[in-house]
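File shown: my_file-v1.tsv (TSV, C-alpha atoms and all ligand atoms).
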chain	number	residue	atom	x	y	z
A	1	MET	CA	76.30	145.39	119.43
A	2	ASP	CA	79.75	146.87	119.89
A	3	THR	CA	81.00	148.11	123.24
A	4	LEU	CA	80.21	151.71	122.50
A	5	ASP	CA	76.63	151.01	121.44
A	6	ARG	CA	76.21	148.96	124.58
A	7	LEU	CA	77.46	151.83	126.73
A	8	PHE	CA	75.23	154.39	125.03
A	9	ALA	CA	72.26	152.06	125.40
A	10	LYS	CA	73.08	151.71	129.07
A	11	ILE	CA	73.09	155.49	129.52
A	12	GLU	CA	69.87	155.95	127.57
A	13	GLY	CA	68.24	153.18	129.56
A	14	GLY	CA	69.03	155.10	132.75
A	15	GLN	CA	71.41	152.44	134.08
A	16	ASP	CA	74.39	153.44	136.20
A	17	LEU	CA	77.79	153.20	134.52
A	18	ASP	CA	80.47	151.30	136.39
A	19	ILE	CA	84.11	152.26	136.65
A	20	SER	CA	85.27	150.25	133.64
A	21	ASP	CA	82.50	151.82	131.50
A	22	LEU	CA	83.73	155.24	132.59
A	23	VAL	CA	87.36	154.46	131.76
A	24	CYS	CA	86.26	153.29	128.34
A	25	LEU	CA	84.29	156.50	127.69
A	26	LEU	CA	87.11	158.71	128.98
A	27	LEU	CA	89.42	157.07	126.46
A	28	LEU	CA	87.15	157.93	123.51
A	29	GLU	CA	88.98	159.82	120.77
A	30	ASP	CA	86.75	159.31	117.77
A	31	ASN	CA	84.98	162.55	116.95
A	32	ASP	CA	81.62	161.01	116.00
A	33	ALA	CA	81.53	159.01	119.19
A	34	LEU	CA	82.43	162.08	121.24
A	35	GLN	CA	79.68	164.14	119.60
A	36	ARG	CA	77.26	161.36	120.46
A	37	LEU	CA	78.41	161.41	124.08
A	38	TYR	CA	78.09	165.20	124.30
A	39	ALA	CA	74.62	165.16	122.73
A	40	LEU	CA	73.52	162.58	125.30
A	41	ALA	CA	74.90	164.67	128.17
A	42	ASP	CA	73.11	167.71	126.77
A	43	ARG	CA	69.81	165.82	126.63
A	44	ILE	CA	70.22	164.64	130.19
A	45	ARG	CA	71.03	168.20	131.29
A	46	LYS	CA	67.85	169.45	129.60
A	47	LYS	CA	65.73	166.72	131.12
A	48	TYR	CA	66.96	167.13	134.70
A	49	VAL	CA	67.86	170.81	135.09
A	50	GLY	CA	66.27	172.48	132.07
A	51	ASP	CA	67.48	175.26	129.80
A	52	GLU	CA	68.00	177.88	132.47
A	53	VAL	CA	71.52	178.94	133.37
A	54	HIS	CA	72.22	180.08	136.92
A	55	LEU	CA	74.59	182.97	137.48
A	56	ARG	CA	76.63	183.01	140.67
A	57	GLY	CA	78.61	186.14	141.35
A	58	LEU	CA	82.06	185.19	142.61
A	59	ILE	CA	83.73	187.45	145.18
A	60	GLU	CA	87.35	186.50	145.89
A	61	PHE	CA	87.63	188.43	149.12
A	62	SER	CA	91.10	187.39	150.37
A	63	ASN	CA	94.10	185.76	148.74
A	64	TYR	CA	95.86	184.96	152.01
A	65	CYS	CA	96.18	181.23	152.51
A	66	ARG	CA	97.70	179.15	155.28
A	67	LYS	CA	98.06	176.17	152.97
A	68	ASN	CA	100.68	175.18	150.48
A	69	CYS	CA	98.86	173.09	147.87
A	70	ALA	CA	101.47	172.21	145.25
A	71	TYR	CA	99.45	173.40	142.25
A	72	CYS	CA	98.10	176.70	143.52
A	73	GLY	CA	99.44	180.13	142.66
A	74	ILE	CA	98.32	181.71	145.94
A	75	ARG	CA	99.82	178.99	148.18
A	76	ARG	CA	101.44	180.49	151.26
A	77	GLY	CA	104.93	179.72	149.94
A	78	ASN	CA	104.56	181.98	146.91
A	79	ARG	CA	106.30	185.18	147.97
A	80	LYS	CA	105.55	186.93	144.70
A	81	VAL	CA	101.85	187.31	145.45
A	82	ARG	CA	100.60	190.71	146.61
A	83	ARG	CA	98.27	189.72	149.40
A	84	TYR	CA	94.97	191.50	150.04
A	85	ARG	CA	91.99	191.22	152.32
A	86	MET	CA	88.69	192.93	151.70
A	87	GLU	CA	86.94	194.59	154.62
A	88	ILE	CA	83.56	193.21	155.63
A	89	GLU	CA	81.90	196.48	154.55
A	90	GLU	CA	83.51	196.26	151.16
A	91	ILE	CA	82.35	192.68	150.60
A	92	VAL	CA	78.80	193.57	151.62
A	93	ALA	CA	78.85	196.50	149.17
A	94	VAL	CA	79.84	194.18	146.30
A	95	ALA	CA	77.05	191.76	147.25
A	96	VAL	CA	74.53	194.61	147.29
A	97	ALA	CA	75.70	195.78	143.86
A	98	ALA	CA	75.43	192.20	142.56
A	99	ALA	CA	71.85	191.92	143.82
A	100	GLY	CA	71.09	195.21	142.03
A	101	LEU	CA	72.28	193.67	138.78
A	102	GLY	CA	69.97	190.69	139.17
A	103	TYR	CA	72.32	188.12	140.69
A	104	ARG	CA	70.50	185.78	143.09
A	105	THR	CA	73.60	184.13	144.55
A	106	VAL	CA	77.02	185.29	145.64
A	107	VAL	CA	79.91	182.92	146.18
A	108	LEU	CA	82.25	184.14	148.92
A	109	GLN	CA	85.64	182.62	148.17
A	110	SER	CA	89.07	183.02	149.74
A	111	GLY	CA	92.25	181.19	150.58
A	112	GLU	CA	92.22	179.55	154.02
A	113	ASP	CA	92.57	182.79	155.91
A	114	SER	CA	92.11	182.64	159.67
A	115	TRP	CA	92.12	186.44	159.89
A	116	TYR	CA	88.44	186.01	159.07
A	117	THR	CA	87.45	184.45	162.36
A	118	ALA	CA	84.15	182.61	162.65
A	119	ASP	CA	82.67	185.74	164.24
A	120	LYS	CA	83.71	187.84	161.26
A	121	ILE	CA	82.29	185.38	158.72
A	122	VAL	CA	79.03	185.12	160.69
A	123	ASN	CA	78.84	188.90	160.76
A	124	LEU	CA	79.49	189.05	157.02
A	125	ILE	CA	76.75	186.53	156.24
A	126	ARG	CA	74.26	188.32	158.52
A	127	ARG	CA	75.05	191.69	157.03
A	128	ILE	CA	74.50	190.43	153.49
A	129	LYS	CA	71.29	188.66	154.45
A	130	MET	CA	69.98	191.80	156.17
A	131	SER	CA	70.79	193.98	153.17
A	132	VAL	CA	69.69	191.92	150.19
A	133	ASN	CA	67.83	188.83	149.18
A	134	LEU	CA	70.70	186.67	147.98
A	135	ALA	CA	71.60	183.05	148.43
A	136	ILE	CA	75.10	182.68	149.88
A	137	THR	CA	77.64	180.08	148.91
A	138	LEU	CA	80.82	179.83	150.97
A	139	SER	CA	84.11	178.58	149.57
A	140	ILE	CA	86.64	179.22	152.31
A	141	GLY	CA	88.18	175.81	152.84
A	142	GLU	CA	88.49	173.57	155.86
A	143	ARG	CA	87.02	174.78	159.14
A	144	SER	CA	85.71	173.07	162.25
A	145	LYS	CA	82.27	171.49	162.32
A	146	GLU	CA	81.17	174.08	164.85
A	147	GLU	CA	82.19	176.92	162.54
A	148	TYR	CA	80.41	175.32	159.59
A	149	ARG	CA	77.31	175.08	161.79
A	150	ARG	CA	77.52	178.71	162.81
A	151	PHE	CA	77.85	179.86	159.19
A	152	PHE	CA	74.81	177.79	158.22
A	153	GLU	CA	72.78	179.15	161.10
A	154	ALA	CA	73.76	182.67	160.08
A	155	GLY	CA	72.21	182.03	156.67
A	156	ALA	CA	74.77	180.48	154.30
A	157	GLU	CA	72.95	177.84	152.27
A	158	ARG	CA	75.73	176.29	150.23
A	159	TYR	CA	79.37	175.32	150.56
A	160	LEU	CA	81.97	174.49	147.93
A	161	LEU	CA	84.89	172.29	148.89
A	162	ARG	CA	86.56	170.32	146.13
A	163	PHE	CA	88.18	167.01	147.05
A	164	GLU	CA	90.56	167.74	144.12
A	165	THR	CA	91.32	164.07	143.38
A	166	SER	CA	90.01	160.76	144.68
A	167	ASN	CA	93.49	159.22	144.47
A	168	ARG	CA	94.70	159.25	148.08
A	169	ASP	CA	98.38	159.03	147.22
A	170	LEU	CA	98.15	161.82	144.70
A	171	TYR	CA	96.15	163.86	147.21
A	172	ALA	CA	98.89	163.39	149.79
A	173	ARG	CA	101.62	164.40	147.33
A	174	LEU	CA	99.83	167.59	146.35
A	175	HIS	CA	98.68	168.67	149.80
A	176	PRO	CA	101.50	168.90	152.31
A	177	ASP	CA	99.26	170.26	155.03
A	178	SER	CA	95.94	168.51	154.75
A	179	SER	CA	94.68	164.98	154.53
A	180	TYR	CA	92.23	163.26	152.24
A	181	ASN	CA	90.32	161.83	155.21
A	182	ARG	CA	89.95	165.27	156.71
A	183	ARG	CA	88.63	166.58	153.43
A	184	LEU	CA	85.98	163.89	153.27
A	185	GLU	CA	85.14	164.46	156.91
A	186	CYS	CA	84.54	168.17	156.18
A	187	LEU	CA	82.27	167.23	153.28
A	188	ALA	CA	80.33	164.85	155.54
A	189	TRP	CA	79.92	167.57	158.20
A	190	LEU	CA	78.66	170.06	155.62
A	191	ARG	CA	76.08	167.59	154.41
A	192	GLU	CA	75.04	166.65	157.94
A	193	ILE	CA	74.57	170.31	158.89
A	194	GLY	CA	72.23	170.79	155.94
A	195	TYR	CA	74.25	172.69	153.35
A	196	GLN	CA	73.80	172.14	149.65
A	197	VAL	CA	77.25	170.74	149.04
A	198	GLY	CA	79.49	171.31	146.06
A	199	SER	CA	82.73	169.53	145.39
A	200	GLY	CA	84.88	168.65	142.43
A	201	VAL	CA	88.31	167.94	141.03
A	202	MET	CA	90.98	169.18	138.68
A	203	VAL	CA	91.50	167.36	135.40
A	204	GLY	CA	95.03	166.59	134.22
A	205	LEU	CA	96.95	166.88	137.48
A	206	PRO	CA	100.52	165.61	137.21
A	207	GLY	CA	100.43	161.87	137.92
A	208	GLN	CA	96.64	161.57	137.55
A	209	THR	CA	95.45	158.66	135.38
A	210	VAL	CA	92.25	158.00	133.46
A	211	SER	CA	91.33	155.45	136.13
A	212	ASP	CA	91.68	158.18	138.74
A	213	LEU	CA	89.29	160.36	136.76
A	214	ALA	CA	86.81	157.50	136.48
A	215	ALA	CA	87.07	157.04	140.26
A	216	ASP	CA	86.43	160.79	140.68
A	217	LEU	CA	83.19	160.38	138.74
A	218	MET	CA	82.15	157.46	140.92
A	219	MET	CA	82.90	159.60	143.93
A	220	PHE	CA	80.61	162.42	142.70
A	221	ARG	CA	77.76	159.93	142.70
A	222	GLN	CA	78.73	158.38	146.01
A	223	LEU	CA	78.90	161.75	147.78
A	224	ASP	CA	75.44	162.60	146.43
A	225	LEU	CA	76.61	166.13	145.64
A	226	ASP	CA	74.36	169.08	144.84
A	227	MET	CA	77.03	170.82	142.77
A	228	VAL	CA	80.11	169.57	140.94
A	229	GLY	CA	82.83	171.93	139.73
A	230	LEU	CA	85.66	170.75	137.55
A	231	GLY	CA	88.25	172.43	135.46
A	232	PRO	CA	91.58	171.65	133.83
A	233	TYR	CA	94.69	171.86	135.98
A	234	ILE	CA	96.71	174.85	134.68
A	235	CYS	CA	100.37	174.98	135.57
A	236	HIS	CA	101.52	177.99	137.59
A	237	PRO	CA	105.24	178.85	137.20
A	238	ASP	CA	105.68	179.96	140.81
A	239	THR	CA	104.78	176.59	142.31
A	240	PRO	CA	106.66	173.32	142.84
A	241	LEU	CA	104.82	171.95	139.80
A	242	ALA	CA	106.31	174.57	137.46
A	243	GLY	CA	106.88	173.15	133.99
A	244	SER	CA	104.34	170.33	134.31
A	245	PRO	CA	101.85	169.86	131.47
A	246	GLY	CA	98.32	170.99	132.26
A	247	GLY	CA	94.98	169.30	131.68
A	248	THR	CA	93.44	169.44	128.22
A	249	VAL	CA	90.18	171.01	127.12
A	250	GLU	CA	89.18	167.72	125.50
A	251	MET	CA	89.58	165.64	128.66
A	252	THR	CA	87.77	168.30	130.68
A	253	PHE	CA	84.85	168.20	128.22
A	254	LYS	CA	84.67	164.43	128.54
A	255	MET	CA	84.70	164.72	132.33
A	256	LEU	CA	81.98	167.38	132.24
A	257	ALA	CA	79.72	165.35	129.99
A	258	LEU	CA	80.23	162.24	132.11
A	259	THR	CA	79.64	164.19	135.31
A	260	ARG	CA	76.24	165.19	133.93
A	261	ILE	CA	75.52	161.63	132.85
A	262	VAL	CA	76.57	160.14	136.18
A	263	THR	CA	75.03	162.72	138.54
A	264	ARG	CA	72.03	163.74	136.42
A	265	ASN	CA	70.51	166.63	138.39
A	266	THR	CA	73.50	168.41	139.94
A	267	HIS	CA	74.46	172.01	139.26
A	268	ILE	CA	77.58	172.04	137.09
A	269	PRO	CA	79.44	175.27	136.31
A	270	ALA	CA	81.21	176.06	133.07
A	271	THR	CA	84.36	176.95	134.98
A	272	THR	CA	86.73	179.86	134.52
A	273	ALA	CA	89.70	177.49	134.17
A	274	LEU	CA	88.06	175.98	131.10
A	275	ALA	CA	87.24	179.42	129.69
A	276	THR	CA	90.86	180.42	130.30
A	277	LEU	CA	92.14	177.57	128.12
A	278	ARG	CA	89.51	178.24	125.46
A	279	PRO	CA	88.47	181.90	125.69
A	280	GLU	CA	86.60	181.92	122.36
A	281	ASN	CA	83.91	179.43	123.31
A	282	GLY	CA	84.95	177.27	126.29
A	283	ARG	CA	82.02	178.35	128.42
A	284	GLU	CA	79.43	177.97	125.67
A	285	GLN	CA	80.77	174.55	124.75
A	286	ALA	CA	80.62	173.46	128.37
A	287	LEU	CA	77.01	174.62	128.58
A	288	ARG	CA	76.22	172.49	125.53
A	289	LEU	CA	77.60	169.28	126.97
A	290	GLY	CA	76.29	169.26	130.50
A	291	ALA	CA	76.96	172.50	132.39
A	292	ASN	CA	74.15	174.77	133.65
A	293	VAL	CA	75.90	177.38	135.82
A	294	ILE	CA	78.22	180.34	135.15
A	295	MET	CA	80.18	182.05	137.88
A	296	PRO	CA	81.07	185.56	136.66
A	297	ASN	CA	83.83	187.19	138.65
A	298	ILE	CA	82.56	190.22	140.56
A	299	THR	CA	85.67	190.83	142.67
A	300	PRO	CA	86.65	194.52	142.55
A	301	LEU	CA	89.19	195.03	139.77
A	302	GLN	CA	92.00	196.25	142.01
A	303	TYR	CA	92.12	192.86	143.75
A	304	ARG	CA	91.30	190.54	140.93
A	305	GLU	CA	94.73	190.36	139.32
A	306	HIS	CA	96.16	189.16	142.63
A	307	TYR	CA	93.91	186.10	142.82
A	308	GLN	CA	95.94	184.14	140.30
A	309	ILE	CA	95.52	180.53	141.38
A	310	TYR	CA	96.72	179.79	137.85
A	311	PRO	CA	98.21	182.13	135.26
A	312	GLY	CA	96.21	183.90	132.58
A	313	LYS	CA	92.96	183.56	134.52
A	314	ILE	CA	90.43	185.44	132.46
A	315	CYS	CA	88.90	188.44	134.15
A	316	LEU	CA	85.39	188.95	132.92
A	317	GLN	CA	83.92	192.02	134.56
A	318	GLY	CA	80.81	190.41	135.96
A	319	LEU	CA	79.71	193.49	137.87
A	320	SER	CA	78.35	195.54	135.01
A	321	GLU	CA	75.07	195.74	133.17
A	322	LYS	CA	76.91	195.55	129.90
A	323	TYR	CA	78.36	192.18	130.87
A	324	THR	CA	75.11	190.65	132.11
A	325	ALA	CA	73.25	191.92	129.03
A	326	SER	CA	75.83	190.46	126.63
A	327	LEU	CA	75.82	187.20	128.55
A	328	GLU	CA	72.02	186.96	128.24
A	329	GLU	CA	72.38	187.58	124.53
A	330	ARG	CA	75.02	184.88	124.09
A	331	LEU	CA	72.94	182.40	126.08
A	332	ARG	CA	69.88	183.12	123.97
A	333	SER	CA	71.90	182.36	120.85
A	334	ILE	CA	72.45	178.82	122.13
A	335	GLY	CA	68.84	178.35	123.21
A	336	ARG	CA	69.41	179.04	126.91
A	337	PHE	CA	68.38	181.80	129.30
A	338	VAL	CA	69.43	183.32	132.60
A	339	SER	CA	67.49	181.91	135.52
A	340	ARG	CA	65.63	184.36	137.76
A	341	SER	CA	65.39	181.90	140.63
A	342	TYR	CA	67.90	181.34	143.41
A	343	GLY	CA	69.01	178.19	141.69
A	344	HIS	CA	68.94	176.06	144.80
A	345	SER	CA	69.89	172.43	144.54
A	346	VAL	CA	67.51	170.50	142.31
A	347	LYS	CA	68.41	167.43	144.31
A	348	ALA	CA	67.52	169.06	147.61
A	349	GLN	CA	64.26	170.40	146.18
A	350	ALA	CA	63.39	166.94	144.94
A	351	LYS	CA	63.92	165.68	148.49
A	352	ASN	CA	61.70	168.54	149.69
A	353	CYS	CA	64.41	170.04	151.82
A	354	PHE	CA	64.00	173.08	153.96
A	355	PHE	CA	65.90	176.18	152.90
A	356	ASN	CA	66.58	178.91	155.36
A	357	ALA	CA	65.90	182.51	154.37
A	358	THR	CA	65.57	182.19	150.60
A	359	ASN	CA	62.79	179.68	150.70
A	360	GLY	CA	63.22	177.22	147.89
A	361	GLU	CA	62.10	179.48	145.03
A	401	LIG	N1	94.83	175.10	137.98
A	401	LIG	C1	93.49	174.87	137.97
A	401	LIG	N2	92.72	174.93	139.07
A	401	LIG	C2	93.33	175.26	140.23
A	401	LIG	N3	92.83	175.37	141.48
A	401	LIG	C3	93.84	175.73	142.30
A	401	LIG	N4	94.99	175.83	141.61
A	401	LIG	C4	94.70	175.53	140.31
A	401	LIG	C5	95.46	175.44	139.12
A	401	LIG	N5	96.79	175.68	139.11
A	401	LIG	C6	91.44	175.07	141.81
A	401	LIG	C7	91.34	174.04	142.94
A	401	LIG	C8	90.62	174.79	144.02
A	401	LIG	C9	89.86	175.84	143.24
A	401	LIG	C10	89.43	177.02	144.03
A	401	LIG	O1	90.77	176.21	142.24
A	401	LIG	O2	90.54	172.95	142.49
A	401	LIG	O3	89.74	173.99	144.79
A	402	LIG	FE1	95.01	177.73	149.57
A	402	LIG	FE2	92.95	176.74	148.18
A	402	LIG	FE3	95.22	177.49	146.97
A	402	LIG	FE4	95.21	175.30	148.51
A	402	LIG	S1	94.04	175.60	146.58
A	402	LIG	S2	96.79	176.91	148.52
A	402	LIG	S3	93.79	175.91	150.12
A	402	LIG	S4	93.80	178.83	148.04
So that I can check it, write out the structure of this file as structure tokens.
Ligand code: 5AD
Ligand code: SF4
Amino acid sequence: MDTLDRLFAKIEGGQDLDISDLVCLLLLEDNDALQRLYALADRIRKKYVGDEVHLRGLIEFSNYCRKNCAYCGIRRGNRKVRRYRMEIEEIVAVAVAAAGLGYRTVVLQSGEDSWYTADKIVNLIRRIKMSVNLAITLSIGERSKEEYRRFFEAGAERYLLRFETSNRDLYARLHPDSSYNRRLECLAWLREIGYQVGSGVMVGLPGQTVSDLAADLMMFRQLDLDMVGLGPYICHPDTPLAGSPGGTVEMTFKMLALTRIVTRNTHIPATTALATLRPENGREQALRLGANVIMPNITPLQYREHYQIYPGKICLQGLSEKYTASLEERLRSIGRFVSRSYGHSVKAQAKNCFFNATNGE
């Protein structure tokens, strides 16, 4: 049996891949072998999370950020960005409209913006929960454990915080004002408090190696994540990394498929960054090799163009019936359908976890 057959047999037999297996699979170039890998990931996706696709409406409510991550277009050092903040009322109104269109989850995302004090965020969560029956995912960066606890108690069920790369040195080079240990500590707090936790990385960061990516995959398993988001790094010209090559669609596909294989029952979005590099079919392809979530952008149009963490970010108008109807149609054509449930963590449900407010449907 050659190495590849041995690795595929290992996956099919339900055995865990080790880091050298992952490096070997990430280095695959042969098209037949890749198709075999993708088909396996697709089967595992079907077995563990089914054919339903969860929609999460993404509201980018502020592009102010106190951090200066080297890769990010809205880093505080970028003076070209027109900064905006949405009022609490305005954010609630978007969430209400999203619920009206059938969304069951909103993702509240922003730069690290301390203008939104813990009190304001708590108020925002409560207001949404009082108005509509939506699950709430927060993606607002590093906060104190106490704040995370308050947000959870107010009703937020999920939190997204990517660790970006498991290579500590690379992490340090890219993040002048945060530390890898702190990041992991935040993730541990979120888990301890009871959130469904999402994390992830960028693929193709300058200086990142295939071994780093394999270590990222090991880390997904180790952190026992509920959600894993990953997309290609896309170079932004107004950052210190201007001119660097970005991640490729091919490597991102391999990472996606392997994330499904390694983590089995996590929620994995077909990310916007991937769709930006391959607008024709990036999302559909991702859904066919492991992904089971789409995060349509429902930020009001007047703000959306200013949330350019990378250039050319595609702007699908997620807040319209026309969009959701055409999405349903496209999903049907690949044998998938839009989920009507909240799409809580499969992992947490398997562990019979308690969900506040939107009880485990
Ligand atoms: N290219 C791709 N992804 C990026 N992110 C930030 N900047 C870029 C970029 N230039 C990702 C980070 C962050 C998420 C919100 O967006 O992974 O966690
Ligand atoms: Fe801020 Fe997030 Fe961009 Fe870093 S990646 S600069 S924390 S918005």
- Query: Given a cut-off of 8 Å, what residues near ligand LIG 401 (chain A) show up using all atoms listed in the file, put as a PyMOL selection string?
  - Reply: chain A and resi 69+71-73+109+139+161-164+200-202+230-236+246+273+309-311
- Query: In terms of the shortest atom-to-atom distance over all atoms listed in the file, which of A:Arg304, A:Arg36, A:His175, A:Arg332 is closest to ligand LIG 402 (chain A)?
  - Reply: A:His175
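With only C-alpha atoms as the atoms that count, the minimum distance from Arg158 in chain A to the choices A:Leu213, A:Gly100, A:Tyr180, A:Ala348 is reached by A:Ala348.
Neighbours of ligand LIG 402 (chain A) at a cut-off of 7 Å, computed so that all atoms listed in the file are counted, are the residues Asn63, Cys65, Arg66, Lys67, Asn68, Cys69, Cys72, Gly73, Ile74, Arg75, Arg76, Ser110, Gly111, Glu112, Gly141 and Ile309 of chain A.
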- What's the 9 Å shell around range 89-91 of chain A, counting all atoms listed in the file, without same-chain residues fewer than 5 positions away, as a PyMOL selection string? chain A and resi 59+61+96+108+124+127-128+299
Output range 304-323 of chain A with N, CA, C and O atoms present, as an mmCIF file, in the coordinates of the input.
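The file below, rebuild_13.cif, is the result:
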data_model
loop_
_atom_site.group_PDB
_atom_site.id
_atom_site.type_symbol
_atom_site.label_atom_id
_atom_site.label_comp_id
_atom_site.auth_asym_id
_atom_site.auth_seq_id
_atom_site.Cartn_x
_atom_site.Cartn_y
_atom_site.Cartn_z
ATOM 1 N N ARG A 304 91.484 191.739 141.742
ATOM 2 C CA ARG A 304 91.300 190.540 140.930
ATOM 3 C C ARG A 304 92.595 189.966 140.384
ATOM 4 O O ARG A 304 92.799 188.762 140.376
ATOM 5 N N GLU A 305 93.483 190.856 139.931
ATOM 6 C CA GLU A 305 94.730 190.360 139.320
ATOM 7 C C GLU A 305 95.593 189.621 140.333
ATOM 8 O O GLU A 305 96.511 188.889 139.962
ATOM 9 N N HIS A 306 95.324 189.815 141.621
ATOM 10 C CA HIS A 306 96.160 189.160 142.630
ATOM 11 C C HIS A 306 95.611 187.793 143.071
ATOM 12 O O HIS A 306 96.172 187.144 143.920
ATOM 13 N N TYR A 307 94.474 187.408 142.485
ATOM 14 C CA TYR A 307 93.910 186.100 142.820
ATOM 15 C C TYR A 307 94.223 185.121 141.693
ATOM 16 O O TYR A 307 93.337 184.550 141.062
ATOM 17 N N GLN A 308 95.519 184.979 141.433
ATOM 18 C CA GLN A 308 95.940 184.140 140.300
ATOM 19 C C GLN A 308 96.260 182.737 140.799
ATOM 20 O O GLN A 308 97.432 182.397 140.992
ATOM 21 N N ILE A 309 95.224 181.911 140.992
ATOM 22 C CA ILE A 309 95.520 180.530 141.380
ATOM 23 C C ILE A 309 96.214 179.804 140.239
ATOM 24 O O ILE A 309 96.972 178.894 140.439
ATOM 25 N N TYR A 310 95.954 180.264 139.017
ATOM 26 C CA TYR A 310 96.720 179.790 137.850
ATOM 27 C C TYR A 310 96.912 180.988 136.935
ATOM 28 O O TYR A 310 96.158 181.962 137.009
ATOM 29 N N PRO A 311 97.918 180.947 136.073
ATOM 30 C CA PRO A 311 98.210 182.130 135.260
ATOM 31 C C PRO A 311 97.200 182.331 134.133
ATOM 32 O O PRO A 311 96.594 181.371 133.670
ATOM 33 N N GLY A 312 97.050 183.576 133.739
ATOM 34 C CA GLY A 312 96.210 183.900 132.580
ATOM 35 C C GLY A 312 94.728 183.827 132.869
ATOM 36 O O GLY A 312 93.903 183.879 131.950
ATOM 37 N N LYS A 313 94.374 183.683 134.148
ATOM 38 C CA LYS A 313 92.960 183.560 134.520
ATOM 39 C C LYS A 313 92.166 184.712 133.916
ATOM 40 O O LYS A 313 92.479 185.871 134.140
ATOM 41 N N ILE A 314 91.167 184.366 133.134
ATOM 42 C CA ILE A 314 90.430 185.440 132.460
ATOM 43 C C ILE A 314 89.624 186.243 133.467
ATOM 44 O O ILE A 314 89.169 185.726 134.466
ATOM 45 N N CYS A 315 89.520 187.517 133.189
ATOM 46 C CA CYS A 315 88.900 188.440 134.150
ATOM 47 C C CYS A 315 87.672 189.089 133.562
ATOM 48 O O CYS A 315 87.698 190.249 133.185
ATOM 49 N N LEU A 316 86.601 188.341 133.430
ATOM 50 C CA LEU A 316 85.390 188.950 132.920
ATOM 51 C C LEU A 316 84.827 189.869 133.988
ATOM 52 O O LEU A 316 84.750 189.502 135.152
ATOM 53 N N GLN A 317 84.477 191.075 133.581
ATOM 54 C CA GLN A 317 83.920 192.020 134.560
ATOM 55 C C GLN A 317 82.454 191.700 134.753
ATOM 56 O O GLN A 317 81.598 192.171 134.005
ATOM 57 N N GLY A 318 82.184 190.871 135.747
ATOM 58 C CA GLY A 318 80.810 190.410 135.960
ATOM 59 C C GLY A 318 79.914 191.446 136.592
ATOM 60 O O GLY A 318 78.698 191.296 136.610
ATOM 61 N N LEU A 319 80.517 192.510 137.143
ATOM 62 C CA LEU A 319 79.710 193.490 137.870
ATOM 63 C C LEU A 319 79.361 194.678 136.993
ATOM 64 O O LEU A 319 79.657 195.814 137.334
ATOM 65 N N SER A 320 78.782 194.424 135.842
ATOM 66 C CA SER A 320 78.350 195.540 135.010
ATOM 67 C C SER A 320 77.140 195.103 134.204
ATOM 68 O O SER A 320 77.007 193.924 133.849
ATOM 69 N N GLU A 321 76.277 196.056 133.930
ATOM 70 C CA GLU A 321 75.070 195.740 133.170
ATOM 71 C C GLU A 321 75.417 195.286 131.767
ATOM 72 O O GLU A 321 74.758 194.432 131.205
ATOM 73 N N LYS A 322 76.502 195.901 131.252
ATOM 74 C CA LYS A 322 76.910 195.550 129.900
ATOM 75 C C LYS A 322 77.246 194.050 129.834
ATOM 76 O O LYS A 322 76.859 193.351 128.911
ATOM 77 N N TYR A 323 77.977 193.583 130.859
ATOM 78 C CA TYR A 323 78.360 192.180 130.870
ATOM 79 C C TYR A 323 77.140 191.269 130.965
ATOM 80 O O TYR A 323 76.987 190.330 130.190
#
